[in-house]
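For reference, the structure discussed in these notes is given below.
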Amino acid sequence: MSDTTYVQVLDLACGGLLLTAVLVLWRRELSVIVRVFAAQGVAVAVLVAVLATHEGSAELGGVAVGILVLRAGALPWLLRRALAGAGPARRETRPLVNVAASLLAAALLTLLAYAVSQPLVALAPSPATHAIPVGVTVFLIGFFVLVTRRRALSQLVGFLLMDNGITTVGFLTTAGVGLVVELGVSLDVLLAVLVLRILTTRMRETFGGTDLDELRELHD
Amino acid sequence: MSALGVVGGVVQPLVVVAGSPIVVGVMRQVRARLEGRAGAGIGQPWRDLRKLFGKEPIAPRGTSEVFRFAPLVLVATTLVVAVVVPFVTTESALDPVADLFAVVALLAAGTVALALAGLDTGTAFGGMGASREMTIIALVEPTLLVAIFALSVRVGSTNLAAIVASTLDDPSRVISPVSLLAAVALVVVIVAETGRLPVDNPSTHLELTMVHEAMVLEYAGPDLALVELASAMRLTVFLGLLANLFLPWGIATSVSPLAVLGGVVAVTVKVTVLGTALAVGEVFLAKLRLFRVPELLAGSFLLALLAVAASFFLA
């Protein structure tokens with residue numbers, strides 16, 4: 001792969017990451033959010049695959065395939081299963097911060113991400129490290145979704161968005177976290193999602209809803 | 001002022017004035033066919049304009065010069081934009097006016113003139129339409145500026161002709177994330193600014209929802225014809241700008257008649273394809289509640305800002 005194609009595909013994958021992170025914040029229907037999250041998984045996998053081709057590392061290529069299966073296949077499938085059991089509450093109806101304000105907050109978070117990652121980029125300027133602010137932005141937007149949304153499922157997507165951001169920054173900076181480390185992190189995320197899904201189902205069975213703001217006090 | 005610029009300055013307004021009602025006609029025809037109606041044919045907007053121009057001018061009692069001049073201002077500003085923006089040729093007749101900020105300000109001046117005319121009539125609908133239009137333009141204008149600005153960052157100039165020429169030189173820029181994010185943001189604001197679904201429905205006169213139609217409710221005869229022609233021209237200008245900023249191929253770079261003819265054909269085809277795509281999209285969309293519109297525009301502003309940010313991070 002020539003250098004210009006490498007940079008172009010890398011940049012496109014980063015653009016896809018940003019766009020999907022914004023769409024998660026923008027859309028209200030939970031089913032759309034899950035689909036957008038799957039698209040983001042594809043973008044992360046493409047990013048890692050491009051890095052693998054550039055480095056010529058088969059191990060990294062294997063990691064890319066693993067990421068594709070986990071983040072674009074297994075996790076969205078689990079989320080969709082959780083959604084199917086959720087009954088009529090299919091929309092994020094009243095987030096703590098309204099959608100227009102949270103979009104503007106995302107704009108500020110982008111600028112913040114750019115400002116704080118400048119020293120990291122300056123350490124070793126290359127096309128891959130220039131994309132670090134994108135990963136940091138995805139992480140910050142994920143955190144914002146996690147703290148401002150009320151439905152358990154959209155908070156879960158926020159958590160996974162944060163994880164996508166961390167993975168992206170990890171691969172962009174080191175170009176090859178060991179296979180074992182990546183496998184461990186992926187299994188951890190999968191386990192967290194499984195546990196949270198069971199927790200969501202239990203919550204719904206017990207209280208009839210997953211609006212976490214109404215769960216301030218203990219019921220018997 | 002170059003020869004190519006002068007040719008563009010003469011050909012472009014003619015093409016825009018003659019072609020814009022046809023574009024509107026094509027869009028209505030596509031919608032009609034997709035909705036299972038026969039449709040009135042693509043020449044209907046021109047027939048309507050001819051009928052309206054033949055009527056006697058009437059102004060409502062109590063209206064001032066603001067009301068009478070607004071259609072002229074609207075047509076004049078759009079015509080200036082049609083002369084200077086690179087649609088058919090890469091060079092502009094009045095190079096300093098082909099600047100991003102000047103073009104956006106000219107287009108916004110037309111909208112403001114129409115909103116003032118809506119207020120001038122003193123009717124409830126006129127005021128309501130003007131207030132809604134101002135809400136929308138206040139959110140559209142920054143997005144429009146920022147989205148095109150994202151494209152101008154790597155060129156180092158806000159001159160639209162320079163942006164188009166540099167995209168022609170380096171076609172690989174078209175599939176960069178900066179272009180893609182800016183394109184999505186521009187499509188949303190163009191839909192909002194030209195009053196198409198899901199922001200405004202151009203084919204109804206329903207009190208609760210109309211925006212553009214509410215402002216022009218009191219116009220009749222030749223004045224109404226001018227307003228209708230100007231809004232068709234604005235739609236064409238916006239679609240042409242979108243097409244040439246992102247896909248400038250086919251635009252004339254030399255004065256030879258064949259190149260200019262090629263430029264005219266290319267811009268016609270691009271605008272018609274974009275208009276058809278917009279009309280097809282409209283069939284599947286419902287109108288958005290007015291209070292949801294700021295959310296849509298805030299989203300497009302964020303995308304435009306991300307485009308600018310990406311042009312700095314990924315440089």
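So you can find residues: chains in the structure tokens are A, B, ... in the order shown, residues in each start at 1, and ligands are numbered from 1 in order.
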
Please find the residues of chain A near chain B - the criterion being any atom within 10 Å, counting only C-alpha atoms - and write them as a PyMOL selection string.
chain A and resi 4-5+7-16+18-19+22-23+25-27+98-108+110-111+114+117-118+121+126-134

Residue subset to file, keeping N, CA and C atoms, as a compact mmCIF listing (two decimals), in the first residue's frame:
# COMPACT_ATOMS: atom_id res chain seq x y z
N THR A 4 0.35 7.51 0.37
CA THR A 4 -0.81 8.41 0.30
C THR A 4 -2.10 7.63 0.55
N THR A 5 -2.19 6.41 -0.01
CA THR A 5 -3.41 5.62 0.22
C THR A 5 -3.54 5.30 1.69
N VAL A 7 -2.43 7.03 4.28
CA VAL A 7 -2.89 8.20 5.02
C VAL A 7 -4.37 8.46 4.75
N GLN A 8 -4.76 8.27 3.46
CA GLN A 8 -6.15 8.56 3.12
C GLN A 8 -7.13 7.62 3.82
N VAL A 9 -6.82 6.31 3.79
CA VAL A 9 -7.73 5.35 4.41
C VAL A 9 -7.75 5.56 5.92
N LEU A 10 -6.58 5.85 6.49
CA LEU A 10 -6.49 6.12 7.94
C LEU A 10 -7.38 7.31 8.30
N ASP A 11 -7.25 8.40 7.51
CA ASP A 11 -8.05 9.59 7.78
C ASP A 11 -9.53 9.32 7.62
N LEU A 12 -9.87 8.52 6.60
CA LEU A 12 -11.29 8.21 6.38
C LEU A 12 -11.85 7.43 7.55
N ALA A 13 -11.07 6.46 8.06
CA ALA A 13 -11.54 5.68 9.20
C ALA A 13 -11.75 6.60 10.39
N CYS A 14 -10.83 7.58 10.58
CA CYS A 14 -10.98 8.52 11.70
C CYS A 14 -12.23 9.38 11.50
N GLY A 15 -12.48 9.83 10.24
CA GLY A 15 -13.70 10.59 9.96
C GLY A 15 -14.93 9.78 10.31
N GLY A 16 -14.90 8.47 9.96
CA GLY A 16 -16.03 7.59 10.28
C GLY A 16 -16.24 7.49 11.78
N LEU A 18 -15.46 9.75 14.09
CA LEU A 18 -16.04 11.00 14.59
C LEU A 18 -17.52 11.08 14.26
N LEU A 19 -17.85 10.75 12.99
CA LEU A 19 -19.24 10.87 12.52
C LEU A 19 -20.15 9.96 13.34
N VAL A 22 -20.75 11.27 16.87
CA VAL A 22 -21.71 12.37 16.89
C VAL A 22 -23.13 11.84 16.70
N LEU A 23 -23.29 10.85 15.80
CA LEU A 23 -24.63 10.32 15.55
C LEU A 23 -25.21 9.65 16.79
N LEU A 25 -24.80 10.60 19.76
CA LEU A 25 -25.26 11.69 20.60
C LEU A 25 -26.52 12.32 20.05
N TRP A 26 -26.66 12.28 18.72
CA TRP A 26 -27.69 13.03 18.02
C TRP A 26 -29.03 12.29 18.01
N ARG A 27 -28.99 10.98 17.74
CA ARG A 27 -30.22 10.24 17.51
C ARG A 27 -30.84 9.80 18.83
N ASN A 98 -30.33 18.48 26.97
CA ASN A 98 -31.07 18.24 25.73
C ASN A 98 -30.12 18.07 24.54
N VAL A 99 -30.68 17.54 23.44
CA VAL A 99 -29.80 17.08 22.36
C VAL A 99 -29.02 18.23 21.73
N ALA A 100 -29.69 19.39 21.52
CA ALA A 100 -28.98 20.51 20.88
C ALA A 100 -27.80 20.95 21.76
N ALA A 101 -28.05 21.05 23.09
CA ALA A 101 -26.97 21.48 23.98
C ALA A 101 -25.87 20.44 24.03
N SER A 102 -26.25 19.13 23.98
CA SER A 102 -25.18 18.14 24.07
C SER A 102 -24.35 18.11 22.79
N LEU A 103 -24.97 18.47 21.64
CA LEU A 103 -24.18 18.56 20.41
C LEU A 103 -23.16 19.69 20.51
N LEU A 104 -23.60 20.82 21.09
CA LEU A 104 -22.65 21.93 21.25
C LEU A 104 -21.56 21.55 22.26
N ALA A 105 -21.96 20.80 23.31
CA ALA A 105 -20.95 20.34 24.27
C ALA A 105 -19.94 19.44 23.57
N ALA A 106 -20.42 18.61 22.63
CA ALA A 106 -19.50 17.74 21.90
C ALA A 106 -18.50 18.56 21.10
N ALA A 107 -18.97 19.71 20.56
CA ALA A 107 -18.04 20.58 19.82
C ALA A 107 -16.93 21.06 20.74
N LEU A 108 -17.31 21.46 21.98
CA LEU A 108 -16.29 21.92 22.94
C LEU A 108 -15.35 20.77 23.32
N THR A 110 -14.48 18.31 21.49
CA THR A 110 -13.54 18.10 20.40
C THR A 110 -12.34 19.03 20.51
N LEU A 111 -12.66 20.31 20.79
CA LEU A 111 -11.57 21.28 20.90
C LEU A 111 -10.67 20.95 22.09
N TYR A 114 -8.42 18.15 21.22
CA TYR A 114 -7.33 18.61 20.36
C TYR A 114 -6.25 19.30 21.20
N SER A 117 -4.25 16.73 23.49
CA SER A 117 -3.41 15.70 22.89
C SER A 117 -2.26 16.28 22.09
N GLN A 118 -2.14 17.62 22.06
CA GLN A 118 -1.02 18.22 21.33
C GLN A 118 0.36 17.72 21.79
N VAL A 121 1.05 14.30 20.36
CA VAL A 121 1.33 14.33 18.92
C VAL A 121 2.76 14.83 18.69
N SER A 126 3.52 11.77 13.15
CA SER A 126 3.35 10.87 12.01
C SER A 126 1.86 10.90 11.70
N PRO A 127 1.44 10.40 10.52
CA PRO A 127 0.00 10.43 10.23
C PRO A 127 -0.82 9.73 11.30
N ALA A 128 -0.30 8.63 11.87
CA ALA A 128 -1.07 7.90 12.88
C ALA A 128 -1.22 8.71 14.15
N THR A 129 -0.13 9.34 14.63
CA THR A 129 -0.25 10.08 15.88
C THR A 129 -1.06 11.35 15.69
N HIS A 130 -1.09 11.90 14.46
CA HIS A 130 -1.93 13.08 14.24
C HIS A 130 -3.39 12.78 14.47
N ALA A 131 -3.76 11.50 14.37
CA ALA A 131 -5.17 11.14 14.54
C ALA A 131 -5.54 10.90 16.00
N ILE A 132 -4.58 11.05 16.93
CA ILE A 132 -4.89 10.80 18.35
C ILE A 132 -6.06 11.64 18.86
N PRO A 133 -6.15 12.95 18.49
CA PRO A 133 -7.29 13.73 19.00
C PRO A 133 -8.64 13.10 18.67
N VAL A 134 -8.72 12.37 17.53
CA VAL A 134 -9.99 11.73 17.16
C VAL A 134 -10.36 10.68 18.21

Pick out the residues sitting within 10 Å of Val265 (chain B), and hand them over as a count of residues only; count only C-alpha atoms, and ignore anything fewer than 6 positions along from it in its own chain.
4

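Every protein or nucleic acid residue with an atom no more than 8 Å from Val34 (chain A), counting only C-alpha atoms and leaving out same-chain residues fewer than 2 positions away, appears here: Leu30, Ser31, Val32, Val36, Phe37, Ala38, Pro76, Leu79, Arg80 and Val157 of chain A.
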
Taking only C-alpha atoms into account, name the residue in A:Leu51, A:Val189, A:Ala39, A:Ala74 that is nearest to Asp3 (chain A).
A:Leu51

Rank B:Leu229, B:Leu186, B:Val269, B:Val283 by their smallest atom-to-atom distance to Arg33 (chain B), using only C-alpha atoms, and report the top residue only.
B:Val283

Find the residues around Leu60 (chain A) up to 12 Å (only C-alpha atoms counted), leave out those fewer than 6 positions away in its own chain, and share them as a list of chain:residue names.
A:Ala45, A:Val46, A:Leu47, A:Val48, A:Ala49, A:Val50, A:Leu51, A:Ala52, A:Thr53, A:His54, A:Gly66, A:Ile67, A:Phe171, A:Thr174, A:Ala175, A:Gly176, A:Val177, A:Gly178, A:Leu179, A:Val180, A:Glu182, A:Leu183

Set the distance at 12 Å and use only C-alpha atoms: which residues neighbour Ala138 (chain B) once local chain neighbours fewer than 2 positions away are removed? I'd like the list as an MDAnalysis selection string.
chainID B and resid 108 111:112 131:136 140:145 189 192:193 293:294 297:298 301

Name the residues in contact with region 56-72 of chain B at a cut-off of 8 Å, using only C-alpha atoms, excluding same-chain residues fewer than 2 positions from it; report them as number ranges by chain.
B: 54, 74-76, 110, 113-114, 116-118, 120-121, 218-224, 226-227, 230

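If only C-alpha atoms are the atoms counted, then among A:Val136, A:Gly41, A:Ala192, A:Phe144 the closest residue to Leu120 (chain A) is A:Val136.
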
Could you tell me, as JSON, numbers by chain, which residues of chain A DSSP assigns to alpha helix (DSSP H) when given the backbone?
{"A": [3, 4, 5, 6, 7, 8, 9, 10, 11, 12, 13, 14, 15, 16, 17, 18, 19, 20, 21, 22, 23, 24, 25, 26, 30, 31, 32, 33, 34, 35, 36, 37, 38, 39, 40, 41, 42, 43, 44, 45, 46, 47, 48, 49, 50, 51, 52, 53, 54, 55, 58, 59, 60, 61, 62, 63, 64, 65, 66, 67, 75, 76, 77, 78, 79, 80, 81, 82, 83, 84, 99, 100, 101, 102, 103, 104, 105, 106, 107, 108, 109, 110, 111, 112, 113, 114, 115, 116, 117, 118, 119, 120, 121, 122, 123, 127, 128, 129, 130, 132, 133, 134, 135, 136, 137, 138, 139, 140, 141, 142, 143, 144, 145, 146, 147, 148, 152, 153, 154, 155, 156, 157, 158, 159, 160, 161, 162, 163, 164, 165, 166, 167, 168, 169, 170, 171, 172, 173, 174, 179, 180, 181, 182, 183, 184, 185, 186, 187, 188, 189, 190, 191, 192, 193, 194, 195, 196, 197, 198, 199, 200, 201, 202, 203, 204, 205, 206, 207]}

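The protein and nucleic acid residues lying at most 12 Å from Glu207 (chain B) are Ala124, Phe125, Gly126, Met128, Gly129, Asp200, Asn201, Glu213, Ala214, Met215 and Leu217 of chain B, with only C-alpha atoms considered and sequence neighbours fewer than 6 positions away removed.
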
Take the residues from that selection and put them in a file with N, CA and C atoms, as a CSV table (one decimal), in the first residue's frame.
chain,number,residue,atom,x,y,z
B,124,ALA,N,-50.6,38.6,10.8
B,124,ALA,CA,-50.1,37.6,11.8
B,124,ALA,C,-49.2,36.6,11.1
B,125,PHE,N,-49.6,36.1,9.9
B,125,PHE,CA,-48.8,35.1,9.2
B,125,PHE,C,-47.5,35.6,8.8
B,126,GLY,N,-47.4,36.8,8.3
B,126,GLY,CA,-46.2,37.4,7.8
B,126,GLY,C,-45.2,37.5,9.0
B,128,MET,N,-45.2,35.8,11.8
B,128,MET,CA,-44.8,34.4,12.3
B,128,MET,C,-43.8,33.8,11.3
B,129,GLY,N,-44.0,34.0,10.0
B,129,GLY,CA,-43.1,33.4,9.1
B,129,GLY,C,-41.7,34.1,9.2
B,200,ASP,N,-39.1,22.7,6.1
B,200,ASP,CA,-40.3,23.5,5.7
B,200,ASP,C,-40.9,22.7,4.5
B,201,ASN,N,-42.2,22.7,4.4
B,201,ASN,CA,-42.8,22.0,3.2
B,201,ASN,C,-43.2,23.0,2.2
B,213,GLU,N,-43.6,30.2,2.9
B,213,GLU,CA,-44.9,30.6,2.3
B,213,GLU,C,-45.6,31.7,3.1
B,214,ALA,N,-45.4,31.7,4.5
B,214,ALA,CA,-46.0,32.6,5.3
B,214,ALA,C,-45.6,34.0,5.1
B,215,MET,N,-44.3,34.2,4.7
B,215,MET,CA,-43.7,35.5,4.5
B,215,MET,C,-44.2,36.1,3.2
B,217,LEU,N,-47.1,35.5,1.6
B,217,LEU,CA,-48.5,35.3,1.5
B,217,LEU,C,-49.2,36.5,0.9

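Across the structure, CA of Thr137 (chain A) and CA of Ala113 (chain A) are spaced 5.4 Å apart.
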